[in-house]
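Remarks on the structure that follows.
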Amino acid sequence: MSSLRSWLLLCCALGSTLALAAAPIAPLFHAELLQDGTELVVLSRPESATASLRLVVRSGSSRDPSGKEGLAHLLEHLVFQGSQDVPGKTLRASIDTAGGTLNAFTSARSTVYALDTPGTGFLPLARDVLRMVTSPTLPGGKRLERELGIITTEGRYHFSRQSLASQVEEAMFQDITLEGALIGTPATRARITREDLQEYYARNYVTSNVSLVFTGAVSVEQARALVEEAYRLPPALPEEAVAPAMQSAQYPVVQQTRAHVTFVTLGYPVPREERATCRAVASLLQLRLLQQVHVEEPIVSAMRVLCLNLRGNDLLLAFAYTRSIEGSRLPYLMQETFDALAKKPPSAAERKLLEKRGQRTSERWREAGPEVADAVASQAAEPRLESLTDLGFLQPPPIPTSAQLKDFARRHFVEEQAVRITSSPLEG
Amino acid sequence: MKSRQRCWALLPLLWAGISVAAPFEVLRSQESSEHPRLVLAPREGARTATLVVLFSTGRFDEGGDTGLTRLSQHALLEANLRGDYGKLTRELFGADASLELFTGLRQSGFVLESNSGDFDRLARQLLETLLAPKLIPSRLEATAERTTQDPGLTSSEDFLETRLAIALSDDPRYAAAPPGNPSSAQSISPETVERHLAGAFSPRNATVIAAGTFDAVALRRTLARFKGGIPSPVARLQIQLPVKRQLPAHSDVNVLAFPVKLTTASESAALRVVGPMLRRRMEQRFRTMGVGYAQDASPLLTPWMDALVLTLPASDPSALDLGPYLLQEVAEVREGRVTADEFAAAQGAALTRLRLEDQHPRAVALTLAGSLQTPAWYSAEVEHSLSSLSPEGLARLVEPWLREDRLVHLLFSPRALSPPPRKTFNNAGTRSRRR
């Protein structure tokens, strides 16, 4: 099953390579499930100046034990202290000297370790990063205390505001202050012991819960050899598999809260198998909203329409922000744009713009730089049951016909399924 | 025979002119003193190109009309007979291109980034819109509305530049803040905007920077059509050093700025090395203390001053002032107490980053925009100087920069919010409260 999927992706990539034979950039897209259950994704572009590695663990702060919030994030910090054979400080210095960067990000659902370096020095550094992350020493005592101090500083300077993404998740899944839970509080962090950290690591850093993403100047063979040499997680037994962090949303989702400025999130769930159409529709909605609430009516300057996955739920969501006193009209104008989709098929000019944009975006991804590594890692972090990471976003989405568009809107843009989250000075 | 030889000798030169541009190549030109300055960094083979249209005007020049610069920038795009904002928006969307505005203290500009296949057309369209504007007053209200929607008008770098400027100059224009509320831009009259566009935003105050794969001939031809305006040069600030200030803030941040004057490639190379060196020392020192996170040491190049700036967002749990520890690290580097390994690491990092940066049109264009007053910052000679820099050479160059009598020390601290009653010693040596 997995090798068939791998072949399909490879054929898809070769198809695009042939179709774009004259283009200067045409990486090889490759995804496979290794024997131990780890997913390997490679977007190889040998002529790239850089290479990137993302080690994605599909567990984050949502799996912190109650009362010990901040554990997953603390663990991510401690992994950077290194392993028996790779001192973290030495590795960070080597990466810095090579002109690269090593970073990590913990979210509610995932922990991602990110390495970007010049292509020439990538392999030995990636090898050491793999070793470090998959066999860390996880110190206790003074070193643990020191890291807690650093996180206190981090919390003071970098976790002061709630993000829009967490607001949406909180509304959809009735969570309480996800953002605060991510880093925890001094009290919850103080309760975390070295044993807690080791236990979390053993439960969540398991092969079937990890994806390795390589992009840029690294070949599939080199990536496989690196994994063979340096990836140290033992193969997971079936009973050790981490249950995917999926959660069904109860639709409709309607939330109105009071805030200094207006944020509107509007959208609908869309089945996973219709992701390509979702991307084309999102692009068309963005074009129309841009025209309506930015050019024709100067209400909004920051606005995006995206197809994304939240805890296993595929959604098409439009996000807009405004400080305008006209902001109260924004939800209605956005809804109008969604509603008009079925009645107003894309014009020839719109179709041309969408096709070109799709092509240009795809060309950007084909550069296989750190940006695409992040995008693939974000897809790989999605909770999943069996399938591999969806790399469909690397291809330009086919523009739906008028009939397809009408059908899509009729089936999915229904009131009972709506997600409508509004913060505004007039609410509450 | 002789002339044939001459022809053969000329061939490589001709070839060099029409084929692949050399790494770090920067071509500077100006049709006349009334025309915009042109800075080109052609990088054949790059997938993208970036255009920066830079004006030597910023919040400093607003004369009390807070938000005038930003509003004028929006007006150039949105209330201008020379351009169709709707069309530009659609074309940018179709090309998956971006157009950003930045509004600084003493310069402001537009950054266009696109696939090289769309770049020449979009660049021409943008330049024709920006360099000969004709204001449509009736659209100014909607433009002001859009201006007030801009989510964030200051970057952390801009914030730092402004705080340093306020600390170093009594001129109130350096304290000009970004528009704080929507009404500030909305109260500016069309006449004021028109006057500002004709003066500060005129072609002779513009610099056009292009990097990546683009048609240089076409760009030159487009630019030659625009000229005029009254010059508004930016003078370098004369600074009295040292300076120490304590400023109110919610959390402790130590900022050490060492003003530098970069006139040679060697000096630029030294500044590129000393930044990573100090950054690594800060990480090691303050991580070891368990207080450091996101420390930085990097150059801040502005139209009015260049400096090496160290920022340490950290506070010790026991309220220990971390400034002296930071100064200890600076002193060691100033005195050349640097190991060979440490030097090699910082030099290697700086060199690799410079070479990588040169392959990214956006990074090159923004670097050139940021160092307009300091051309020595980016050139092939810098790469050479960086490769050949020795520890002794570094010590010689940085010693005069890093002296404590040349330091600007800003300490942002909650303790500055509500100062405790000051205590002094009376003649008898006992403490007394100052009334």
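The way I read the labels, and the way they are meant: chains A, B, ... in the order of the structure tokens, residue 1 as the first residue of every chain, and ligand 1 as the first ligand shown, with later ones counted on from there.
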
Sorted by chain and rising residue number, list the residues of chain A at most 9 Å from chain B (counting only C-alpha atoms), each with its closest atom pair and distance in Å to one decimal, as a Markdown table.
| residue | atom | partner | partner_atom | distance |
| --- | --- | --- | --- | --- |
| A:Pro24 | CA | B:Gly45 | CA | 8.2 |
| A:Ile25 | CA | B:Arg47 | CA | 8.7 |
| A:Ala49 | CA | B:Leu356 | CA | 7.3 |
| A:Thr50 | CA | B:Leu356 | CA | 8.3 |
| A:Lys89 | CA | B:Gln284 | CA | 8.5 |
| A:Ala93 | CA | B:Ala345 | CA | 7.9 |
| A:Ser94 | CA | B:Ala345 | CA | 7.9 |
| A:Ile95 | CA | B:Ala349 | CA | 8.7 |
| A:Asp96 | CA | B:Ala349 | CA | 6.0 |
| A:Thr97 | CA | B:Ala349 | CA | 4.3 |
| A:Ala98 | CA | B:Ala349 | CA | 5.6 |
| A:Gly99 | CA | B:Ala349 | CA | 4.5 |
| A:Gly100 | CA | B:Ala349 | CA | 8.0 |
| A:Pro118 | CA | B:Leu356 | CA | 7.5 |
| A:Arg143 | CA | B:Gly290 | CA | 8.7 |
| A:Glu145 | CA | B:Gly290 | CA | 7.9 |
| A:Arg146 | CA | B:Gly290 | CA | 4.4 |
| A:Glu147 | CA | B:Gly290 | CA | 6.1 |
| A:Leu148 | CA | B:Gly290 | CA | 7.6 |
| A:Gly149 | CA | B:Gly290 | CA | 5.0 |
| A:Ile150 | CA | B:Val291 | CA | 4.9 |
| A:Ile151 | CA | B:Tyr293 | CA | 8.0 |
| A:Thr152 | CA | B:Val291 | CA | 7.9 |
| A:Thr153 | CA | B:Val291 | CA | 6.1 |
| A:Glu154 | CA | B:Tyr293 | CA | 5.9 |
| A:Arg156 | CA | B:Ser251 | CA | 7.4 |
| A:Tyr157 | CA | B:Pro313 | CA | 7.3 |
| A:Leu287 | CA | B:Phe93 | CA | 7.3 |
| A:Leu290 | CA | B:Thr89 | CA | 8.2 |
| A:Gln291 | CA | B:Gly86 | CA | 7.2 |
| A:His294 | CA | B:Arg146 | CA | 7.8 |
| A:Val295 | CA | B:Gly86 | CA | 6.0 |
| A:Glu296 | CA | B:Gly86 | CA | 8.2 |
| A:Glu297 | CA | B:Ala142 | CA | 7.6 |
| A:Pro298 | CA | B:Arg146 | CA | 5.3 |
| A:Ile299 | CA | B:Arg146 | CA | 6.7 |
| A:Val300 | CA | B:Gln149 | CA | 6.3 |
| A:Ser301 | CA | B:Gln149 | CA | 5.7 |
| A:Ala302 | CA | B:Pro151 | CA | 7.3 |
| A:Tyr321 | CA | B:Gln149 | CA | 8.3 |
| A:Thr322 | CA | B:Gln149 | CA | 5.9 |
| A:Arg323 | CA | B:Gln149 | CA | 5.7 |
| A:Ser324 | CA | B:Gln149 | CA | 6.7 |
| A:Glu350 | CA | B:Gly94 | CA | 8.8 |
| A:Lys352 | CA | B:Gly94 | CA | 7.9 |
| A:Leu353 | CA | B:Gly94 | CA | 4.4 |
| A:Leu354 | CA | B:Gly94 | CA | 6.2 |
| A:Glu355 | CA | B:Gly94 | CA | 7.9 |
| A:Lys356 | CA | B:Gly94 | CA | 5.7 |
| A:Arg357 | CA | B:Gly94 | CA | 4.6 |
| A:Gly358 | CA | B:Asp96 | CA | 8.1 |
| A:Gln359 | CA | B:Ala95 | CA | 8.8 |
| A:Arg360 | CA | B:Asp96 | CA | 6.1 |
| A:Thr361 | CA | B:Asp96 | CA | 6.3 |
| A:Glu363 | CA | B:Arg47 | CA | 8.6 |
| A:Arg364 | CA | B:Arg47 | CA | 8.3 |
| A:Glu367 | CA | B:Arg47 | CA | 8.4 |

If you run DSSP on this backbone, which residues of segment 203-369 of chain A come out as alpha helix (DSSP H), and could you give them as a PyMOL selection string?
chain A and resi 203-204+220-230+275-290+330-343+348-366

Shell of 8 Å around Gln247 of chain A, only C-alpha atoms, local chain residues under 4 positions omitted, as a compact mmCIF listing (two decimals) with N, CA, C and O atoms, in the first residue's frame:
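Here's the written file around-v2.txt:
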# COMPACT_ATOMS: atom_id res chain seq x y z
N PHE A 173 -13.22 23.65 19.21
CA PHE A 173 -13.12 22.45 20.04
C PHE A 173 -13.34 22.72 21.53
O PHE A 173 -13.04 21.89 22.38
N ARG A 311 -7.00 19.36 13.65
CA ARG A 311 -7.29 18.13 14.40
C ARG A 311 -8.02 17.09 13.54
O ARG A 311 -9.00 16.48 13.98
N GLY A 312 -7.57 16.97 12.32
CA GLY A 312 -8.16 15.96 11.43
C GLY A 312 -9.35 16.46 10.64
O GLY A 312 -9.90 15.72 9.82
N ASN A 313 -9.75 17.70 10.85
CA ASN A 313 -10.90 18.27 10.12
C ASN A 313 -10.39 19.17 9.00
O ASN A 313 -9.70 20.16 9.26

With distances taken over only C-alpha atoms, which of B:Gln246, B:Thr311, B:Thr374, B:Thr57 is nearest to Leu411 of chain B?
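Checking each of B:Gln246, B:Thr311, B:Thr374, B:Thr57 against Leu411 of chain B, counting only C-alpha atoms, the winner is B:Gln246.
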
Of B:Asp65, B:Glu392, B:Glu194, B:Glu113, the one nearest to Val333 of chain B when counting only C-alpha atoms is B:Glu392

Just the number, please: distance in Å from atom CA of Ser48 of chain A to atom CA of Asp128 of chain A, one decimal.
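Distance between the two atoms: 21.4 Å.
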
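Around Thr367 of chain B, within 10 Å and counting only C-alpha atoms, the residues found are Leu301, Glu357, Asp358, Pro361, Arg362, Leu372, Trp377 and Tyr378 of chain B, once anything fewer than 5 positions away on its own chain is removed.
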
Residues within 9 Å of Ala216 of chain B, please, as a list in words. Count only C-alpha atoms; anything in the same chain fewer than 4 positions from it doesn't count.
Leu40, Pro42, Ala210, Arg220 and Arg221 of chain B

Next, the residues of the selection above should be written as a PDB file, in the first residue's frame with N, CA and C atoms.
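Wrote result06.pdb, looks like this:
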ATOM      1  N   LEU B  40      21.705  48.425  -9.455  1.00  0.00           N
ATOM      2  CA  LEU B  40      21.317  47.152 -10.057  1.00  0.00           C
ATOM      3  C   LEU B  40      22.230  46.024  -9.568  1.00  0.00           C
ATOM      4  N   PRO B  42      22.237  42.502 -10.941  1.00  0.00           N
ATOM      5  CA  PRO B  42      21.713  41.420 -11.784  1.00  0.00           C
ATOM      6  C   PRO B  42      22.246  40.063 -11.339  1.00  0.00           C
ATOM      7  N   ALA B 210      17.195  47.179  -8.070  1.00  0.00           N
ATOM      8  CA  ALA B 210      16.663  45.927  -8.624  1.00  0.00           C
ATOM      9  C   ALA B 210      17.700  44.828  -8.449  1.00  0.00           C
ATOM     10  N   ARG B 220      16.426  50.894 -17.138  1.00  0.00           N
ATOM     11  CA  ARG B 220      17.122  52.178 -17.314  1.00  0.00           C
ATOM     12  C   ARG B 220      16.290  53.126 -18.186  1.00  0.00           C
ATOM     13  N   ARG B 221      15.721  52.538 -19.248  1.00  0.00           N
ATOM     14  CA  ARG B 221      14.924  53.346 -20.185  1.00  0.00           C
ATOM     15  C   ARG B 221      13.704  53.913 -19.451  1.00  0.00           C
TER      16      ARG B 221
END

Once DSSP has gone over the backbone, tell me which residues of segment 238-312 of chain A are in strand (DSSP E or B), as an MDAnalysis selection string.
chainID A and resid 253:258 262:269 302:310

Please, could you write that set of residues out with N, CA and C atoms as a JSON list (two decimals), in the first residue's frame?
[["chain", "number", "residue", "atom", "x", "y", "z"],
["A", 253, "VAL", "N", -20.22, 26.12, 14.02],
["A", 253, "VAL", "CA", -19.39, 26.75, 15.06],
["A", 253, "VAL", "C", -19.65, 28.26, 14.97],
["A", 254, "VAL", "N", -20.26, 28.79, 15.98],
["A", 254, "VAL", "CA", -20.55, 30.23, 15.97],
["A", 254, "VAL", "C", -20.04, 30.82, 17.27],
["A", 255, "GLN", "N", -19.17, 31.80, 17.14],
["A", 255, "GLN", "CA", -18.65, 32.45, 18.35],
["A", 255, "GLN", "C", -18.50, 33.95, 18.09],
["A", 256, "GLN", "N", -18.97, 34.72, 19.02],
["A", 256, "GLN", "CA", -18.82, 36.18, 18.90],
["A", 256, "GLN", "C", -18.23, 36.69, 20.20],
["A", 257, "THR", "N", -17.09, 37.35, 20.10],
["A", 257, "THR", "CA", -16.46, 37.87, 21.32],
["A", 257, "THR", "C", -16.08, 39.33, 21.11],
["A", 258, "ARG", "N", -15.80, 39.98, 22.22],
["A", 258, "ARG", "CA", -15.46, 41.40, 22.16],
["A", 258, "ARG", "C", -13.94, 41.56, 22.07],
["A", 262, "THR", "N", -11.50, 44.12, 14.74],
["A", 262, "THR", "CA", -12.39, 43.08, 14.23],
["A", 262, "THR", "C", -11.60, 41.97, 13.54],
["A", 263, "PHE", "N", -11.79, 40.75, 13.98],
["A", 263, "PHE", "CA", -11.26, 39.57, 13.31],
["A", 263, "PHE", "C", -12.45, 38.72, 12.88],
["A", 264, "VAL", "N", -12.45, 38.31, 11.64],
["A", 264, "VAL", "CA", -13.55, 37.44, 11.19],
["A", 264, "VAL", "C", -12.96, 36.17, 10.60],
["A", 265, "THR", "N", -13.47, 35.05, 11.04],
["A", 265, "THR", "CA", -13.13, 33.76, 10.43],
["A", 265, "THR", "C", -14.42, 33.17, 9.92],
["A", 266, "LEU", "N", -14.44, 32.84, 8.64],
["A", 266, "LEU", "CA", -15.67, 32.29, 8.05],
["A", 266, "LEU", "C", -15.29, 31.13, 7.15],
["A", 267, "GLY", "N", -16.03, 30.05, 7.22],
["A", 267, "GLY", "CA", -15.73, 28.94, 6.32],
["A", 267, "GLY", "C", -16.60, 27.73, 6.58],
["A", 268, "TYR", "N", -16.19, 26.62, 5.94],
["A", 268, "TYR", "CA", -16.96, 25.38, 6.01],
["A", 268, "TYR", "C", -16.02, 24.19, 5.94],
["A", 269, "PRO", "N", -16.44, 23.05, 6.51],
["A", 269, "PRO", "CA", -15.62, 21.85, 6.32],
["A", 269, "PRO", "C", -15.72, 21.34, 4.88],
["A", 302, "ALA", "N", -5.53, 43.11, 5.60],
["A", 302, "ALA", "CA", -4.94, 41.79, 5.82],
["A", 302, "ALA", "C", -6.03, 40.73, 5.72],
["A", 303, "MET", "N", -5.90, 39.83, 4.74],
["A", 303, "MET", "CA", -6.95, 38.85, 4.53],
["A", 303, "MET", "C", -6.38, 37.63, 3.82],
["A", 304, "ARG", "N", -6.79, 36.42, 4.24],
["A", 304, "ARG", "CA", -6.33, 35.19, 3.58],
["A", 304, "ARG", "C", -7.47, 34.18, 3.53],
["A", 305, "VAL", "N", -7.48, 33.39, 2.48],
["A", 305, "VAL", "CA", -8.41, 32.26, 2.42],
["A", 305, "VAL", "C", -7.57, 31.01, 2.26],
["A", 306, "LEU", "N", -7.77, 30.04, 3.15],
["A", 306, "LEU", "CA", -6.89, 28.87, 3.17],
["A", 306, "LEU", "C", -7.68, 27.57, 3.29],
["A", 307, "CYS", "N", -7.09, 26.51, 2.77],
["A", 307, "CYS", "CA", -7.59, 25.17, 3.05],
["A", 307, "CYS", "C", -6.65, 24.59, 4.07],
["A", 308, "LEU", "N", -7.15, 24.23, 5.22],
["A", 308, "LEU", "CA", -6.26, 23.72, 6.25],
["A", 308, "LEU", "C", -6.92, 22.60, 7.03],
["A", 309, "ASN", "N", -6.09, 21.96, 7.84],
["A", 309, "ASN", "CA", -6.58, 20.84, 8.63],
["A", 309, "ASN", "C", -6.42, 21.16, 10.11],
["A", 310, "LEU", "N", -7.51, 21.07, 10.85],
["A", 310, "LEU", "CA", -7.46, 21.29, 12.30],
["A", 310, "LEU", "C", -7.91, 20.01, 13.00]]

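Across B:Ala369, B:Ala175, B:Val309, B:Leu160, the tightest approach to Gly109 of chain B is made by B:Ala369 when counting only C-alpha atoms.
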
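The smallest atom-to-atom distance between Leu223 of chain B and any of B:Ala380, B:Ala75, B:Val53, B:Ala200, using only C-alpha atoms, is found for B:Val53.
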
Mind checking which residues fall within 10 Å of Leu144 of chain A, counting only C-alpha atoms, ignoring those fewer than 3 positions away in the same chain, and posting them as a PyMOL selection string?
(chain A and resi 74-75+77-78+81+138-141+147-150+192-194) or (chain B and resi 290)

What would the file look like if the residues just selected were written as a PDB file, in the first residue's frame with N, CA and C atoms?
ATOM      1  N   LEU A  74       9.153  22.226  27.041  1.00  0.00           N
ATOM      2  CA  LEU A  74      10.387  22.075  27.822  1.00  0.00           C
ATOM      3  C   LEU A  74      11.235  20.934  27.245  1.00  0.00           C
ATOM      4  N   LEU A  75      10.553  19.869  26.863  1.00  0.00           N
ATOM      5  CA  LEU A  75      11.260  18.723  26.276  1.00  0.00           C
ATOM      6  C   LEU A  75      11.999  19.149  24.999  1.00  0.00           C
ATOM      7  N   HIS A  77      13.164  22.016  24.314  1.00  0.00           N
ATOM      8  CA  HIS A  77      14.364  22.760  24.732  1.00  0.00           C
ATOM      9  C   HIS A  77      15.475  21.804  25.167  1.00  0.00           C
ATOM     10  N   LEU A  78      15.080  20.782  25.951  1.00  0.00           N
ATOM     11  CA  LEU A  78      16.099  19.882  26.517  1.00  0.00           C
ATOM     12  C   LEU A  78      16.726  18.978  25.463  1.00  0.00           C
ATOM     13  N   GLN A  81      19.956  20.055  24.280  1.00  0.00           N
ATOM     14  CA  GLN A  81      21.156  19.867  25.111  1.00  0.00           C
ATOM     15  C   GLN A  81      22.045  18.774  24.531  1.00  0.00           C
ATOM     16  N   LEU A 138      18.433  14.240  27.834  1.00  0.00           N
ATOM     17  CA  LEU A 138      17.389  14.839  28.700  1.00  0.00           C
ATOM     18  C   LEU A 138      17.873  15.017  30.139  1.00  0.00           C
ATOM     19  N   PRO A 139      18.693  16.023  30.367  1.00  0.00           N
ATOM     20  CA  PRO A 139      19.304  16.184  31.688  1.00  0.00           C
ATOM     21  C   PRO A 139      18.292  16.605  32.753  1.00  0.00           C
ATOM     22  N   GLY A 140      18.646  16.304  33.988  1.00  0.00           N
ATOM     23  CA  GLY A 140      17.856  16.783  35.122  1.00  0.00           C
ATOM     24  C   GLY A 140      18.702  17.781  35.899  1.00  0.00           C
ATOM     25  N   GLY A 141      18.427  17.936  37.169  1.00  0.00           N
ATOM     26  CA  GLY A 141      19.246  18.756  38.064  1.00  0.00           C
ATOM     27  C   GLY A 141      19.390  20.195  37.609  1.00  0.00           C
ATOM     28  N   GLU A 147      17.256  25.457  32.157  1.00  0.00           N
ATOM     29  CA  GLU A 147      16.376  25.534  30.990  1.00  0.00           C
ATOM     30  C   GLU A 147      15.014  26.101  31.394  1.00  0.00           C
ATOM     31  N   LEU A 148      14.583  25.768  32.621  1.00  0.00           N
ATOM     32  CA  LEU A 148      13.324  26.345  33.104  1.00  0.00           C
ATOM     33  C   LEU A 148      13.448  27.862  33.218  1.00  0.00           C
ATOM     34  N   GLY A 149      14.631  28.323  33.633  1.00  0.00           N
ATOM     35  CA  GLY A 149      14.872  29.764  33.718  1.00  0.00           C
ATOM     36  C   GLY A 149      14.807  30.413  32.348  1.00  0.00           C
ATOM     37  N   ILE A 150      15.379  29.738  31.364  1.00  0.00           N
ATOM     38  CA  ILE A 150      15.362  30.274  29.990  1.00  0.00           C
ATOM     39  C   ILE A 150      13.931  30.351  29.475  1.00  0.00           C
ATOM     40  N   ILE A 192       7.273  19.583  36.717  1.00  0.00           N
ATOM     41  CA  ILE A 192       7.751  18.597  35.733  1.00  0.00           C
ATOM     42  C   ILE A 192       9.080  18.001  36.196  1.00  0.00           C
ATOM     43  N   THR A 193       9.135  16.671  36.213  1.00  0.00           N
ATOM     44  CA  THR A 193      10.377  15.998  36.612  1.00  0.00           C
ATOM     45  C   THR A 193      11.063  15.412  35.381  1.00  0.00           C
ATOM     46  N   ARG A 194      12.282  14.998  35.593  1.00  0.00           N
ATOM     47  CA  ARG A 194      13.023  14.367  34.497  1.00  0.00           C
ATOM     48  C   ARG A 194      12.301  13.090  34.033  1.00  0.00           C
TER      49      ARG A 194
ATOM     50  N   GLY B 290      21.139  30.813  32.541  1.00  0.00           N
ATOM     51  CA  GLY B 290      19.735  30.401  32.547  1.00  0.00           C
ATOM     52  C   GLY B 290      18.775  31.553  32.359  1.00  0.00           C
TER      53      GLY B 290
END

Point-to-point distance from atom CA of Glu199 of chain A to atom CA of Ala377 of chain A, Å rounded to tenths:
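These atoms are spaced 24.6 Å apart.
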